[in-house]
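A.B. asks: The structure file query.cif (mmCIF, C-alpha atoms and all ligand atoms) is provided below.
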data_input
loop_
_atom_site.label_atom_id
_atom_site.label_comp_id
_atom_site.auth_asym_id
_atom_site.auth_seq_id
_atom_site.Cartn_x
_atom_site.Cartn_y
_atom_site.Cartn_z
CA MET U 105 0.00 0.00 0.00
CA ILE U 106 1.36 3.38 -0.98
CA ARG U 107 -0.27 6.71 -0.11
CA LEU U 108 -0.37 9.72 -2.42
CA GLY U 109 0.19 13.06 -0.74
CA VAL U 110 -0.86 15.94 -2.96
CA ASN U 111 0.96 19.21 -2.32
CA VAL U 112 -1.35 22.15 -3.17
CA ASP U 113 1.18 24.98 -2.53
CA HIS U 114 1.16 26.13 -6.13
CA VAL U 115 -2.59 26.60 -6.20
CA ALA U 116 -1.89 29.21 -3.52
CA THR U 117 1.00 30.58 -5.63
CA VAL U 118 -1.50 31.45 -8.38
CA ARG U 119 -3.89 32.99 -5.84
CA GLN U 120 -1.16 35.11 -4.25
CA ALA U 121 -0.24 36.50 -7.69
CA ARG U 122 -3.49 38.53 -7.42
CA MET U 123 -3.88 38.63 -3.63
CA ILE U 124 -7.53 37.58 -3.93
CA ASP U 125 -9.32 34.42 -2.84
CA ILE U 126 -9.15 32.23 -5.97
CA PRO U 127 -7.95 29.65 -6.77
CA ASP U 128 -8.49 28.29 -3.28
CA PRO U 129 -5.93 25.63 -2.23
CA VAL U 130 -8.49 24.22 0.22
CA GLU U 131 -11.02 23.58 -2.57
CA ALA U 132 -8.21 22.03 -4.65
CA ALA U 133 -7.28 19.83 -1.69
CA LEU U 134 -10.89 18.65 -1.32
CA LEU U 135 -10.98 17.74 -5.03
CA ALA U 136 -7.67 15.89 -4.62
CA GLU U 137 -9.08 14.05 -1.62
CA ARG U 138 -12.20 13.08 -3.57
CA SER U 139 -9.96 11.76 -6.35
CA GLY U 140 -7.99 9.45 -4.09
CA ALA U 141 -5.28 11.49 -2.35
CA GLU U 142 -4.76 10.01 1.11
CA VAL U 143 -2.67 12.95 2.30
CA ILE U 144 -2.78 16.68 1.63
CA THR U 145 0.57 18.41 2.00
CA VAL U 146 1.26 22.11 2.39
CA HIS U 147 4.48 23.97 3.05
CA LEU U 148 3.91 26.93 5.35
CA ARG U 149 7.02 28.91 4.50
CA GLU U 150 8.43 31.52 6.84
CA ASP U 151 7.89 34.21 4.18
CA ARG U 152 4.28 32.97 3.61
CA ARG U 153 4.81 33.27 -0.13
CA HIS U 154 2.01 30.82 -1.00
CA ILE U 155 0.18 28.91 1.74
CA GLN U 156 -1.14 31.11 4.60
CA ASP U 157 -1.86 30.13 8.22
CA GLY U 158 -5.60 30.47 7.52
CA ASP U 159 -5.35 27.91 4.70
CA VAL U 160 -3.88 25.36 7.09
CA ALA U 161 -6.59 26.11 9.68
CA ARG U 162 -9.33 25.63 7.06
CA LEU U 163 -7.72 22.41 5.84
CA ARG U 164 -7.64 21.17 9.44
CA GLN U 165 -11.40 21.75 9.69
CA ARG U 166 -12.46 20.36 6.34
CA LEU U 167 -10.12 17.50 5.39
CA ARG U 168 -10.74 13.86 6.03
CA ALA U 169 -7.38 12.92 4.48
CA ARG U 170 -4.27 13.31 6.62
CA LEU U 171 -2.87 16.81 6.81
CA ASN U 172 0.90 16.93 6.39
CA LEU U 173 2.58 20.24 7.19
CA GLU U 174 6.04 20.87 5.74
CA MET U 175 7.92 23.46 7.75
CA ALA U 176 11.31 24.69 8.90
CA GLY U 177 12.33 23.35 12.32
CA THR U 178 12.32 26.77 14.02
CA PRO U 179 10.78 27.67 17.40
CA GLU U 180 8.26 30.00 15.69
CA MET U 181 7.11 27.33 13.22
CA THR U 182 6.95 24.75 16.00
CA ARG U 183 4.57 27.00 17.96
CA THR U 184 2.50 27.49 14.81
CA ALA U 185 2.31 23.73 14.20
CA LEU U 186 1.27 23.09 17.80
CA THR U 187 -1.61 25.55 17.26
CA LEU U 188 -2.64 24.28 13.81
CA LYS U 189 -2.38 20.60 14.82
CA PRO U 190 -1.63 18.81 11.54
CA ASP U 191 -1.54 15.00 11.62
CA ASP U 192 2.00 14.98 10.32
CA VAL U 193 4.91 17.39 10.12
CA CYS U 194 7.76 17.05 7.66
CA LEU U 195 10.74 19.15 8.71
CA VAL U 196 12.50 20.72 5.74
CA PRO U 197 15.44 23.09 5.28
CA GLU U 198 14.36 26.56 4.20
CA ARG U 199 16.20 29.46 2.66
CA ARG U 200 14.30 32.61 1.73
CA GLU U 201 15.96 33.09 -1.65
CA GLU U 202 15.26 29.55 -2.91
CA LEU U 203 12.54 28.83 -5.48
CA THR U 204 11.72 25.50 -3.86
CA THR U 205 13.26 23.25 -1.22
CA GLU U 206 16.80 22.60 -2.39
CA GLY U 207 18.31 19.44 -0.94
CA GLY U 208 17.51 17.60 2.24
CA LEU U 209 17.84 18.69 5.83
CA ASP U 210 21.25 18.26 7.43
CA ALA U 211 20.11 16.24 10.43
CA VAL U 212 23.73 15.58 11.45
CA THR U 213 24.82 19.24 11.75
CA HIS U 214 21.50 20.55 13.10
CA GLY U 215 20.83 17.66 15.46
CA LYS U 216 20.65 19.71 18.65
CA PRO U 217 17.85 22.15 17.73
CA LEU U 218 16.02 19.48 15.73
CA ARG U 219 15.87 17.05 18.65
CA GLU U 220 13.85 19.55 20.69
CA VAL U 221 11.47 20.28 17.79
CA VAL U 222 10.91 16.58 17.06
CA SER U 223 10.17 15.81 20.67
CA ARG U 224 7.77 18.75 21.20
CA LEU U 225 5.78 17.85 18.09
CA ARG U 226 5.68 14.14 18.94
CA GLU U 227 4.55 14.87 22.48
CA ALA U 228 1.58 16.69 20.90
CA GLY U 229 0.69 13.52 18.95
CA ILE U 230 2.04 14.77 15.62
CA ARG U 231 3.92 12.26 13.50
CA VAL U 232 7.27 13.72 12.47
CA SER U 233 9.39 12.96 9.45
CA LEU U 234 12.62 14.59 8.32
CA PHE U 235 13.18 15.46 4.66
CA VAL U 236 16.67 14.10 4.04
CA ASP U 237 18.93 13.08 1.17
CA PRO U 238 19.22 9.31 0.63
CA ASP U 239 22.45 9.30 2.62
CA PRO U 240 23.16 6.70 5.37
CA LYS U 241 24.48 9.37 7.78
CA GLN U 242 21.24 11.34 7.50
CA LEU U 243 19.12 8.25 8.10
CA GLU U 244 21.09 7.31 11.18
CA ALA U 245 20.82 10.90 12.49
CA SER U 246 17.05 10.94 11.84
CA ARG U 247 16.59 7.73 13.80
CA GLU U 248 18.76 9.03 16.58
CA LEU U 249 16.72 12.26 16.79
CA GLY U 250 13.58 10.23 17.44
CA ALA U 251 11.76 10.95 14.15
CA ASP U 252 8.94 8.60 13.16
CA GLY U 253 10.14 8.57 9.59
CA VAL U 254 12.04 10.17 6.76
CA GLU U 255 10.97 11.65 3.48
CA LEU U 256 13.72 10.79 1.03
CA HIS U 257 14.63 13.66 -1.27
CA THR U 258 14.05 12.33 -4.78
CA GLY U 259 15.07 15.58 -6.54
CA THR U 260 18.60 14.44 -7.39
CA TYR U 261 17.23 11.26 -8.98
CA CYS U 262 14.63 13.32 -10.88
CA ASN U 263 17.29 15.66 -12.29
CA ALA U 264 19.81 12.91 -13.16
CA GLN U 265 20.48 11.79 -16.70
CA GLY U 266 22.40 8.96 -18.37
CA PRO U 267 24.28 6.55 -16.07
CA ARG U 268 23.73 8.89 -13.08
CA LEU U 269 20.01 8.14 -13.23
CA GLU U 270 20.42 4.48 -12.26
CA GLN U 271 22.98 5.43 -9.55
CA GLU U 272 20.62 7.94 -7.99
CA LEU U 273 17.72 5.49 -8.16
CA GLU U 274 19.89 2.87 -6.49
CA ALA U 275 20.74 5.38 -3.73
CA VAL U 276 17.01 5.88 -3.08
CA ARG U 277 16.45 2.10 -3.09
CA ARG U 278 19.31 1.47 -0.63
CA ALA U 279 18.23 4.33 1.63
CA SER U 280 14.64 3.06 1.65
CA SER U 281 15.74 -0.37 2.67
CA SER U 282 18.08 0.81 5.42
CA ALA U 283 15.60 3.40 6.79
CA ALA U 284 12.87 0.75 6.99
CA GLY U 285 15.39 -1.58 8.65
CA MET U 286 15.93 1.09 11.35
CA GLY U 287 12.17 1.20 11.97
CA LEU U 288 11.64 4.52 10.18
CA GLU U 289 8.56 5.04 8.02
CA VAL U 290 9.77 5.83 4.50
CA HIS U 291 8.29 8.57 2.33
CA GLY U 292 9.61 10.12 -0.87
CA GLY U 293 9.17 13.36 -2.72
CA HIS U 294 10.41 16.28 -4.77
CA GLY U 295 10.51 16.56 -8.54
CA LEU U 296 8.35 13.49 -9.17
CA ASN U 297 6.20 13.48 -12.29
CA ALA U 298 4.40 11.02 -14.56
CA GLY U 299 7.64 10.30 -16.42
CA ASN U 300 9.86 9.44 -13.45
CA VAL U 301 7.58 8.20 -10.66
CA THR U 302 7.27 4.52 -11.67
CA PRO U 303 10.61 3.14 -10.39
CA ILE U 304 10.23 5.13 -7.16
CA ALA U 305 6.65 3.94 -6.59
CA ALA U 306 7.90 0.37 -7.11
CA ILE U 307 10.21 0.57 -4.06
CA GLU U 308 8.43 -1.61 -1.53
CA GLU U 309 9.56 0.21 1.61
CA ILE U 310 8.18 3.57 0.45
CA VAL U 311 4.70 4.03 1.92
CA GLU U 312 4.01 7.63 0.88
CA LEU U 313 4.92 9.91 -2.02
CA ASN U 314 4.39 13.67 -1.84
CA ILE U 315 3.91 15.29 -5.23
CA GLY U 316 3.04 18.91 -5.95
CA HIS U 317 4.33 20.84 -8.94
CA SER U 318 3.70 18.22 -11.62
CA ILE U 319 0.14 17.56 -10.44
CA VAL U 320 -0.75 21.27 -10.31
CA ALA U 321 0.90 21.78 -13.73
CA ARG U 322 -1.08 18.88 -15.19
CA ALA U 323 -4.30 20.15 -13.61
CA ILE U 324 -3.87 23.46 -15.46
CA MET U 325 -3.40 21.67 -18.77
CA VAL U 326 -6.26 19.24 -18.24
CA GLY U 327 -8.55 22.04 -17.06
CA MET U 328 -7.67 24.69 -19.69
CA ALA U 329 -9.99 23.37 -22.41
CA ARG U 330 -12.99 23.32 -20.07
CA ALA U 331 -12.28 26.77 -18.65
CA VAL U 332 -12.02 28.28 -22.14
CA GLU U 333 -15.17 26.49 -23.37
CA GLU U 334 -17.14 27.80 -20.38
CA MET U 335 -16.00 31.40 -20.93
CA LYS U 336 -16.54 31.21 -24.68
CA ALA U 337 -20.10 29.94 -24.11
CA LEU U 338 -20.80 32.79 -21.67
CA ILE U 339 -19.60 35.60 -23.90
CA THR U 340 -21.25 34.13 -26.99
CA ALA U 341 -24.56 33.74 -25.13
CA ALA U 342 -24.36 37.37 -23.93
CA ARG U 343 -23.94 38.59 -27.51
CA SER U 344 -26.72 36.46 -28.96
CA ALA U 345 -29.09 37.53 -26.17
CA GLY U 346 -28.49 41.09 -27.32
CA TRP U 347 -27.11 42.50 -24.04
N1 LIG U 401 8.41 16.98 -0.39
C1 LIG U 401 9.00 18.07 0.16
C2 LIG U 401 9.65 17.93 1.47
C3 LIG U 401 8.96 19.32 -0.49
O1 LIG U 401 9.55 20.40 0.07
C4 LIG U 401 8.27 19.43 -1.72
C5 LIG U 401 8.16 20.77 -2.40
O2 LIG U 401 7.41 21.63 -1.60
C6 LIG U 401 7.67 18.27 -2.25
C7 LIG U 401 7.78 17.06 -1.57
C8 LIG U 401 6.92 18.29 -3.54
O3 LIG U 401 7.82 18.55 -4.58
P1 LIG U 401 7.28 18.84 -6.03
O4 LIG U 401 6.48 20.10 -5.96
O5 LIG U 401 8.52 18.96 -6.85
O6 LIG U 401 6.42 17.66 -6.43
#
Since I need it in another form, could you write the structure as structure tokens?
C.D. replies:
Amino acid sequence: MIRLGVNVDHVATVRQARMIDIPDPVEAALLAERSGAEVITVHLREDRRHIQDGDVARLRQRLRARLNLEMAGTPEMTRTALTLKPDDVCLVPERREELTTEGGLDAVTHGKPLREVVSRLREAGIRVSLFVDPDPKQLEASRELGADGVELHTGTYCNAQGPRLEQELEAVRRASSSAAGMGLEVHGGHGLNAGNVTPIAAIEEIVELNIGHSIVARAIMVGMARAVEEMKALITAARSAGW
């Protein structure tokens, strides 16, 4: 059994471009849930560039799927998570100037502050995973910090070409097997799309994949024809009614 977590951040990105209330990431999440998503994922960034605190609160009220909050492991975000009460938190590295999360968390170097964050969230009944590269040192550190699981960063695999592709895939396979062997729940995500997801979804130890950009991009393409047809019908009807 493998769960699909749909990340709706970029629905909010389109909304924030106009600072109005559409498209609503919560409505998109409910459609995703109705279509089979077992998890809805949002990244509440410190700069609030897409998802807002109110979106997470509304998701908390309306979702039946699990709510997975991606966030930086800071004291401020920890307080926010304890108020918003998602089912799951995935701790990610965050830099303001980045376009998206670049690389996994360094759980070895940042062990001390992360330990406190992991334990406070877990005490509140939130399941905690760390977004890490498929690197044995990071898996060991994640286990040692008391995380429930890891989300393996699949971005390097997704960007690899030629012989590197198989090497990166093998790194994800090996990391999945050793993380599961340590008792960690194994998730994967970043950069996955219809063209590269199959070998990752085939890895037995992976129980959840979080996918955002490619699903939102596909939704725009699939929905464009309908949106144009609806508008065309409206303006044509207005003209023929003689308004
Ligand atoms: N997992 C994590 C930890 C992420 O930070 C992101 C991007 O927000 C994703 C998964 C989804 O990545 P993508 O949008 O490339 O599918």
A.B. asks: Please report the interatomic distance between atom CA of U:Asn300 and atom CA of U:Arg268 in Å with one decimal.
C.D. replies: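 Those two atoms sit 13.9 Å apart.
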A.B. asks: Would you list the residues that come within 8 Å of ligand LIG 401 (chain U)? Count all atoms listed in the file and give the answer as an MDAnalysis selection string.
C.D. replies: chainID U and resid 111 113 146:147 174 194:196 204:206 208 235 255 257 259 292:297 313:319
A.B. asks: For stretch 107-202 of chain U against stretch 285-291 of chain U, with a cut-off of 12 Å and counting all atoms listed in the file, what is the closest atom pair and its distance in Å to one decimal for every residue that makes the cut, ordered by chain and number, as JSON lines?
C.D. replies:
{"residue": "U:Arg107", "atom": "CA", "partner": "U:His291", "partner_atom": "CA", "distance": 9.1}
{"residue": "U:Leu108", "atom": "CA", "partner": "U:His291", "partner_atom": "CA", "distance": 9.9}
{"residue": "U:Gly109", "atom": "CA", "partner": "U:His291", "partner_atom": "CA", "distance": 9.8}
{"residue": "U:Val143", "atom": "CA", "partner": "U:His291", "partner_atom": "CA", "distance": 11.8}
{"residue": "U:Asn172", "atom": "CA", "partner": "U:His291", "partner_atom": "CA", "distance": 11.9}
{"residue": "U:Cys194", "atom": "CA", "partner": "U:His291", "partner_atom": "CA", "distance": 10.0}
A.B. asks: Please indicate the distance in Å from atom CA of U:Ile310 to atom CA of U:Asp191, rounded to one decimal place.
C.D. replies: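 One can read the atom CA of U:Ile310 to atom CA of U:Asp191 distance as 18.7 Å.
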A.B. asks: Find the spatial neighbours of stretch 167-171 of chain U, counting all atoms listed in the file, within a cut-off of 7 Å - ignore same-chain residues fewer than 3 positions away - and output them as a PDB file with C-alpha atoms, in the frame of the given file.
C.D. replies:
ATOM      1  CA  LEU U 134     -10.890  18.650  -1.320  1.00  0.00           C
ATOM      2  CA  GLU U 137      -9.080  14.050  -1.620  1.00  0.00           C
ATOM      3  CA  GLU U 142      -4.760  10.010   1.110  1.00  0.00           C
ATOM      4  CA  VAL U 143      -2.670  12.950   2.300  1.00  0.00           C
ATOM      5  CA  ILE U 144      -2.780  16.680   1.630  1.00  0.00           C
ATOM      6  CA  THR U 145       0.570  18.410   2.000  1.00  0.00           C
ATOM      7  CA  LEU U 163      -7.720  22.410   5.840  1.00  0.00           C
ATOM      8  CA  ARG U 164      -7.640  21.170   9.440  1.00  0.00           C
ATOM      9  CA  PRO U 190      -1.630  18.810  11.540  1.00  0.00           C
ATOM     10  CA  ASP U 191      -1.540  15.000  11.620  1.00  0.00           C
ATOM     11  CA  ASP U 192       2.000  14.980  10.320  1.00  0.00           C
TER      12      ASP U 192
END
A.B. asks: Hey, which of U:Leu269, U:Ala283, U:Met325, U:Val193 ends up closest to U:Pro303? Count all atoms listed in the file.
C.D. replies: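 That would be U:Leu269, the residue with the smallest distance to U:Pro303.
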A.B. asks: What does the distance between atom CA of U:Arg322 and atom CA of U:Ala132 come to in Å, to one decimal place?
C.D. replies: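 Between atom CA of U:Arg322 and atom CA of U:Ala132 the gap works out to 13.1 Å.
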A.B. asks: May I have the residues within 12 Å of U:Ala161 as a PyMOL selection string, using all atoms listed in the file and disregarding those fewer than 4 positions away in the same chain?
C.D. replies: chain U and resi 129-130+146+148+155-157+165-167+171+173+184-190
A.B. asks: Out of U:Gly215, U:Gln265, U:Ala331, U:His114, which residue has the shortest atom-to-atom distance to U:Arg153 when counting only C-alpha atoms?
C.D. replies: U:His114
A.B. asks: Find, counting only C-alpha atoms, the residue in U:Ile304, U:Leu249, U:Ala342, U:Val254 that gets nearest to U:Ala275.
C.D. replies: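 The shortest atom-to-atom distance to U:Ala275 comes from U:Ile304.
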A.B. asks: Would you give the centre and edge lengths, in Å to one decimal, of a box along x, y and z around the listed atoms of stretch 278-288 of chain U, with 3 Å added to each side, as lines of an AutoDock Vina configuration file?
C.D. replies:
center_x = 15.5
center_y = 1.5
center_z = 5.7
size_x = 13.7
size_y = 12.1
size_z = 18.6
A.B. asks: Near stretch 210-213 of chain U, counting all atoms listed in the file, which residues have an atom at most 10 Å away, once you skip same-chain residues fewer than 2 positions from it, shown as a PyMOL selection string?
C.D. replies: chain U and resi 195-197+207-208+215-219+234-237+241-249
